[in-house]
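**Student:** My structure is below; once you've seen it, I'll send some questions.
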Amino acid sequence: MSDPRIHGIVLCGVGGQGALSLAQVVLEALRRSKLHALQSEIHGMSQRGGSVHAQVCFSEVPLSSPIIDEGCADLLIALEPLEALRYVAMLRLDGHLVVSEEPQTDMAGYPPLDDVYAALKAVRGAHLVDTEDLARRLNHRQAGGMALLGMASKFLPVAEATWRAVISERFEAKGARVTEKNLQAFDAGRGLVQETVGA
Amino acid sequence: MGHHSLALGVEAVGCAAFDAGVKGAFGYPGTPSTEGFEFVEAMIHAEPQSHVGRVAHWAANEKVAYDLALGVSYAGHRTLVTMKHVGLNVALDAYANSALTGVRGGLVLLVADDPGMHSSQNEQDSRRLAEFAWLPCLEPSTVQECYDFTGRAFELSEALQVPVMVRVVTRLAHCRAPMVRRETLAPTGLGVAPKATVQDWVLIPSNARRRYVDLLAKQPRMIADLAPLNVLRPGTGRRGVALAGMGRAYFEQLALEHPALTTLPRLDIAAYPLDPQLETAFLALVDEVFVFEEDYPVLEERLGLRGRATIHGRLDGAIPRTGELSPRLLKTALDLTTAAGKAAIALDLPVRAPRFCDGCGHVDAYEAMQEALQNLGVSDARVFGDIGCYTLAAQEPMGAIHAVVEMGASISMAVGAAMAGQTPSVAVIGDSTFGHSGLPALLTAAGSGVNVTIMILDNRVVGMTGQQPSQALDQVERMVLGMGIPAAQLQVLTPLPKQHEANVKAMESALQHAGPSVVVFRRECIQSLRRGLLKDHDREEKARHEHACCTPEVLS
């Protein structure tokens, strides 16, 4: 018998960071894993450097609502630390938060960074990723998103081969080198969880 | 066909229109409807060259788009027209009157409403406009229904010989989910209408009176044909739910987690006009009803008027009067408990508002305007703005525009204010919005002779909705002159930081001119430039121009 539980993922960031395209990778990977999945996204003015967020719902049973209730998400993937804080209340008590430490501060009234990090670290199940350092090490400026996805993939019921296939297809048109770079970033992120868990 | 792919709700509508064999698809960009047209456009453009005759075309505005579709339908072919909810206001004249003429080839109107106003100026409910026009409206609640209902809408449109609306809301328009396609039909036509029916399309009063009677007489048949889409499930107990659109989708999912909900008496609504007998039958089963629908209390008011049951919804406060529906609102109304999640962050989180892209020409244009006003000693200017990316200038700290109402309004509002004695009176409008509905306003402005300064921010594309082609491309000066603005009062500037001083001076002279003057600020949208969207166009234009220069037959 199918498990009727409904799982939710929230993805957030700043317009232009790629939160929506990351959501599409997640949706496709879940779908290939024989799960029923739906995604909700908001377009329009949000693309102009404002807050952007998308949600993905999935289950073993067919679903009809693309959005999750507060306190019901299993996972929050945040491309920006302040944006992450807006959606923490979307998470279940035992939910995980995978968040980039790299701030986008070009806005009025950005809180002191130490306060932002402290608030994030106080969240149980939070995994902060130094995406800036990771990008430097991988020599890939835009590695952050894929690395976060790699880490997040540890909390999702999708086989590693499926992730790699979906990512490869997504970047196919941009050539083998770009695909390889993104897979590397994904692997690096995935590796971070083992370190964390092992510690 | 059974082809399985992921699609947005509005894309599923576009795809279904293609599969239903539309000959023409039209629209005007507007969030959250835009991708519906873009999807069918891409499918039509991908067809082999040998497969002639299908067309997908953005129109100058929604009314033009609707009339294009009406022409295709009168010519005997299926057609799709897409717009956002406020776009239907622009097309309402065409929509309401086409109810009287009726259609020949199936005509389906996709309207995307925006409850919660994610990127709109109001949250009007298009179901009310379908009711107002006495026309059928289908309301899907899932991506698959978007596909299935659209195919059905074409059949209904041809069976009932009226336009059929497919109404979606933002959450469905931009829900991405699997879609199973059915058979793809070739675009076959019904041929030219027989002579006997031609009078039906001529709405002179004698015909219109007859056609209005015909339209009202069709209502019972509409209700009968739509009946399979509206379902009454008797259930048990005297407490029921009435569901439509996303209300249906959210409830369905809640019932997975709360199986007790599945036994409630339930009325599922997916098509309008509503059947009074169905409503009465439902109300006979219940003493108390929760109504979950998106936007206006359409169903709620109907049920409230028809029976003695207590109705809970937007009118009694069970659901907030404004804004989007959500699973949480349903849970609260139904008194369902939710396990506590993580606590919200106590830190004060400032809003990250959308802003102009780095290097956007609009910013340079506004800075020139503001400095010119300041140099002329105007400290409390009231500038009339319009709809597009440049609306962002209304936000502080820029605070450069002070009224934004609807597409094309800036020019007429500035003329009106100038007539009332406001000086200076300035309008700011984009090139696409100018082509959409600024032209008649400029005609009036030129004829009025009043002291207005009209800034046209020409970024050469429809910037905000994703850089679709602007109908005004390369035409703005000719349009301005053609509306009667003298050449001496038309300036064309380049909004770049290095041109700032010159632009300020030019703005000052326009503001000081005692009659109507137009200043065009032209620089390609930075996003369009990055994507190289106009590269081919500009190369072709340049080649054509060079060719024309050495051809003696140039008109002067």
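Chain lettering (A, B, ...) mirrors the order of the structure tokens, residue numbering begins at 1 for each chain separately, and ligand numbering begins at 1 in order of display.
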Find the residues near Leu156 of chain A: any atom within 12 Å, counting only C-alpha atoms, skip ones fewer than 3 places away on the same chain, and give them as a list in words.
**Tutor:**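 Here the answer would be His7, Gly8, Ile9, Val26, Leu27, Ala29, Leu30, Ser33, Leu35, Val56, Cys57, Phe58, Ser59, Asp74, Leu75, Leu76, Ile77, Gly95, His96, Leu149, Gly150, Met151, Ala152, Ser153, Ala159, Glu160, Thr162, Trp163 and Arg190 of chain A.
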**Student:** I need the residues of segment 59-138 of chain A that end up classed as strand (DSSP E or B) by DSSP on the backbone, written out as a compact mmCIF listing (two decimals) with C-alpha atoms, in the first residue's frame.
**Tutor:**
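What landed in part02.txt:
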# COMPACT_ATOMS: atom_id res chain seq x y z
CA SER A 59 4.04 11.81 -2.26
CA ALA A 73 7.91 21.20 4.79
CA ASP A 74 10.59 18.55 5.21
CA LEU A 75 13.30 20.59 3.58
CA LEU A 76 14.20 24.21 2.90
CA ILE A 77 16.86 24.97 0.30
CA ALA A 78 17.96 28.60 0.55
CA LEU A 91 9.57 23.58 8.20
CA ARG A 92 8.36 20.68 10.32
CA LEU A 93 9.99 20.38 13.73
CA ASP A 94 12.33 17.71 12.34
CA GLY A 95 12.80 19.42 8.96
CA HIS A 96 16.19 20.23 7.45
CA LEU A 97 17.50 23.55 6.24
CA VAL A 98 20.28 23.68 3.64
CA VAL A 99 21.45 27.27 3.29
CA SER A 100 24.18 29.23 1.58
CA ALA A 126 20.29 23.69 9.77
CA HIS A 127 23.25 23.03 7.47
CA LEU A 128 25.15 26.18 6.55
CA VAL A 129 27.31 25.94 3.44
**Student:** Compile the residues of chain A that lie within 6 Å of chain B, evaluated using only C-alpha atoms, and express the compilation as a PDB file with C-alpha atoms, in the first residue's frame.
**Tutor:**
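Saved the output as part08.pdb:
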ATOM      1  CA  LEU A  38       3.922  19.214  -8.156  1.00  0.00           C
ATOM      2  CA  GLN A  39       5.732  22.528  -8.162  1.00  0.00           C
ATOM      3  CA  SER A  40       4.497  26.044  -7.513  1.00  0.00           C
ATOM      4  CA  GLU A  41       6.415  29.139  -8.493  1.00  0.00           C
ATOM      5  CA  GLY A  44       6.661  38.424 -12.635  1.00  0.00           C
ATOM      6  CA  SER A  46       9.840  38.885  -8.349  1.00  0.00           C
ATOM      7  CA  ARG A  48      13.692  41.839 -10.682  1.00  0.00           C
ATOM      8  CA  GLY A  49      16.045  41.153  -7.805  1.00  0.00           C
ATOM      9  CA  GLY A  50      13.276  40.635  -5.247  1.00  0.00           C
ATOM     10  CA  SER A  51      12.636  37.610  -3.035  1.00  0.00           C
ATOM     11  CA  SER A  64      -3.551  18.177  -6.290  1.00  0.00           C
ATOM     12  CA  SER A  65      -2.152  21.083  -4.246  1.00  0.00           C
ATOM     13  CA  ASP A  69       1.133  24.562   4.693  1.00  0.00           C
ATOM     14  CA  GLY A  71       5.141  23.802   9.501  1.00  0.00           C
ATOM     15  CA  ALA A  89       8.478  28.514   9.901  1.00  0.00           C
ATOM     16  CA  LEU A  91       9.573  23.583   8.204  1.00  0.00           C
ATOM     17  CA  ARG A  92       8.361  20.675  10.316  1.00  0.00           C
ATOM     18  CA  LEU A  93       9.987  20.379  13.731  1.00  0.00           C
TER      19      LEU A  93
END
**Student:** Quick one: everything within 9 Å of Ser168 of chain A, counting only C-alpha atoms, minus sequence neighbours fewer than 2 positions away in the same chain. Send it as a PyMOL selection string.
**Tutor:** chain A and resi 163-166+170-172+176+179-180+182-183
**Student:** Keeping only C-alpha atoms, take the residues you just selected and write them out as an mmCIF file, in the first residue's frame.
**Tutor:**
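Okay, this is what ended up in selection.cif:
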data_model
loop_
_atom_site.group_PDB
_atom_site.id
_atom_site.type_symbol
_atom_site.label_atom_id
_atom_site.label_comp_id
_atom_site.auth_asym_id
_atom_site.auth_seq_id
_atom_site.Cartn_x
_atom_site.Cartn_y
_atom_site.Cartn_z
ATOM 1 C CA TRP A 163 20.111 13.152 -9.847
ATOM 2 C CA ARG A 164 23.142 12.864 -12.109
ATOM 3 C CA ALA A 165 20.975 12.008 -15.120
ATOM 4 C CA VAL A 166 18.611 14.942 -14.540
ATOM 5 C CA ARG A 170 19.607 20.017 -17.891
ATOM 6 C CA PHE A 171 23.060 21.251 -18.903
ATOM 7 C CA GLU A 172 23.425 19.124 -22.026
ATOM 8 C CA ALA A 176 30.213 18.650 -21.578
ATOM 9 C CA THR A 179 27.780 19.649 -17.253
ATOM 10 C CA GLU A 180 30.921 18.284 -15.609
ATOM 11 C CA ASN A 182 27.791 21.203 -12.253
ATOM 12 C CA LEU A 183 28.105 17.518 -11.424
#
**Student:** Between atom CA of Glu540 of chain B and atom CA of Asp474 of chain B, what is the distance in Å, rounded to a tenth?
**Tutor:**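 Between atom CA of Glu540 of chain B and atom CA of Asp474 of chain B the gap is 12.7 Å.
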**Student:** Choose the residue, out of A:Val61, A:Ile67, A:Val158, A:Ala84, that has the smallest atom-to-atom separation from Glu102 of chain A; count only C-alpha atoms.
**Tutor:**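 Ranking A:Val61, A:Ile67, A:Val158, A:Ala84 by distance to Glu102 of chain A, first place goes to A:Ala84.
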**Student:** Please identify all polymer residues within 10 Å of Glu101 of chain A, counting only C-alpha atoms, omitting same-chain residues fewer than 5 positions from it, and present them as number ranges by chain.
**Tutor:** A: 78-82, 113, 116-117, 120, 127-133, 144
**Student:** Between atom CA of Gly361 of chain B and atom CA of Ala59 of chain B, what distance in Å does the model show, to one decimal?
**Tutor:** 25.0 Å
**Student:** I'd like to know which residues of segment 81-177 of chain B are helix (DSSP H, G or I) (by DSSP, run on the backbone); could you write them as a VMD selection string?
**Tutor:** chain B and resid 85 to 90 92 to 101 126 to 132 143 to 160 170 to 173
**Student:** Per residue of segment 362-465 of chain B within 12 Å of segment 62-66 of chain B, which atom pair is closest and at what distance in Å (one decimal), using only C-alpha atoms, listed by chain and increasing number, as JSON lines?
**Tutor:**
{"residue": "B:Met407", "atom": "CA", "partner": "B:Glu62", "partner_atom": "CA", "distance": 10.8}
{"residue": "B:Thr433", "atom": "CA", "partner": "B:Glu62", "partner_atom": "CA", "distance": 11.6}
{"residue": "B:Gly435", "atom": "CA", "partner": "B:Val64", "partner_atom": "CA", "distance": 11.3}
{"residue": "B:His436", "atom": "CA", "partner": "B:Glu62", "partner_atom": "CA", "distance": 8.2}
{"residue": "B:Ser437", "atom": "CA", "partner": "B:Glu62", "partner_atom": "CA", "distance": 10.0}
**Student:** Restricting it to N, CA and C atoms, dump the selection as a PDB file, in the first residue's frame.
**Tutor:**
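Heads up, here's the output in part_22.pdb:
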ATOM      1  N   MET B 407      -3.188  50.289 -17.913  1.00  0.00           N
ATOM      2  CA  MET B 407      -2.370  50.417 -19.114  1.00  0.00           C
ATOM      3  C   MET B 407      -2.758  51.656 -19.931  1.00  0.00           C
ATOM      4  N   THR B 433       3.500  49.762 -23.763  1.00  0.00           N
ATOM      5  CA  THR B 433       2.264  50.292 -23.177  1.00  0.00           C
ATOM      6  C   THR B 433       1.730  51.428 -24.047  1.00  0.00           C
ATOM      7  N   GLY B 435       2.052  51.600 -27.308  1.00  0.00           N
ATOM      8  CA  GLY B 435       1.397  50.927 -28.430  1.00  0.00           C
ATOM      9  C   GLY B 435       0.098  50.251 -28.018  1.00  0.00           C
ATOM     10  N   HIS B 436       0.033  49.817 -26.753  1.00  0.00           N
ATOM     11  CA  HIS B 436      -1.136  49.113 -26.219  1.00  0.00           C
ATOM     12  C   HIS B 436      -2.342  50.035 -26.142  1.00  0.00           C
ATOM     13  N   SER B 437      -2.183  51.182 -25.481  1.00  0.00           N
ATOM     14  CA  SER B 437      -3.341  52.076 -25.353  1.00  0.00           C
ATOM     15  C   SER B 437      -2.944  53.524 -25.123  1.00  0.00           C
TER      16      SER B 437
END
**Student:** Pick out the residues sitting within 12 Å of Leu529 of chain B, and hand them over as a list in words; count only C-alpha atoms, and ignore anything fewer than 5 positions along from it in its own chain.
**Tutor:**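 The residues that qualify are Gly359, Cys360, Gly361, Asn459, Arg460, Val461, Gly463, Gln467, Arg523, Glu524, Leu534, Lys535, Asp536 and Asp538 of chain B.
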**Student:** Excluding segment 222-225 of chain B and residues on its chain fewer than 3 positions from it, collect all residues at most 7 Å away from it, counting only C-alpha atoms, and give them as a PyMOL selection string.
**Tutor:** chain B and resi 136+218-219+273-275
**Student:** Just the residues within 7 Å of Arg522 of chain B, please, counting only C-alpha atoms, with nothing from its chain fewer than 4 positions along; format it as a list in words.
**Tutor:** Leu457, Asp458, Asn459, Leu493, Thr494 and Pro495 of chain B
**Student:** Convert the current residue selection to file output with C-alpha atoms, as an mmCIF file, in the first residue's frame.
**Tutor:**
data_model
loop_
_atom_site.group_PDB
_atom_site.id
_atom_site.type_symbol
_atom_site.label_atom_id
_atom_site.label_comp_id
_atom_site.auth_asym_id
_atom_site.auth_seq_id
_atom_site.Cartn_x
_atom_site.Cartn_y
_atom_site.Cartn_z
ATOM 1 C CA LEU B 457 10.706 55.031 -22.152
ATOM 2 C CA ASP B 458 11.478 52.943 -25.217
ATOM 3 C CA ASN B 459 13.393 49.800 -24.253
ATOM 4 C CA LEU B 493 17.444 60.812 -26.218
ATOM 5 C CA THR B 494 19.710 57.983 -25.124
ATOM 6 C CA PRO B 495 19.361 57.231 -21.415
#
**Student:** For Trp201 of chain B, which residue out of B:Ala441, B:Val415, B:Leu216, B:Leu70 is the nearest one, using only C-alpha atoms?
**Tutor:**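 Going through B:Ala441, B:Val415, B:Leu216, B:Leu70 one by one, the smallest distance to Trp201 of chain B is for B:Leu70.
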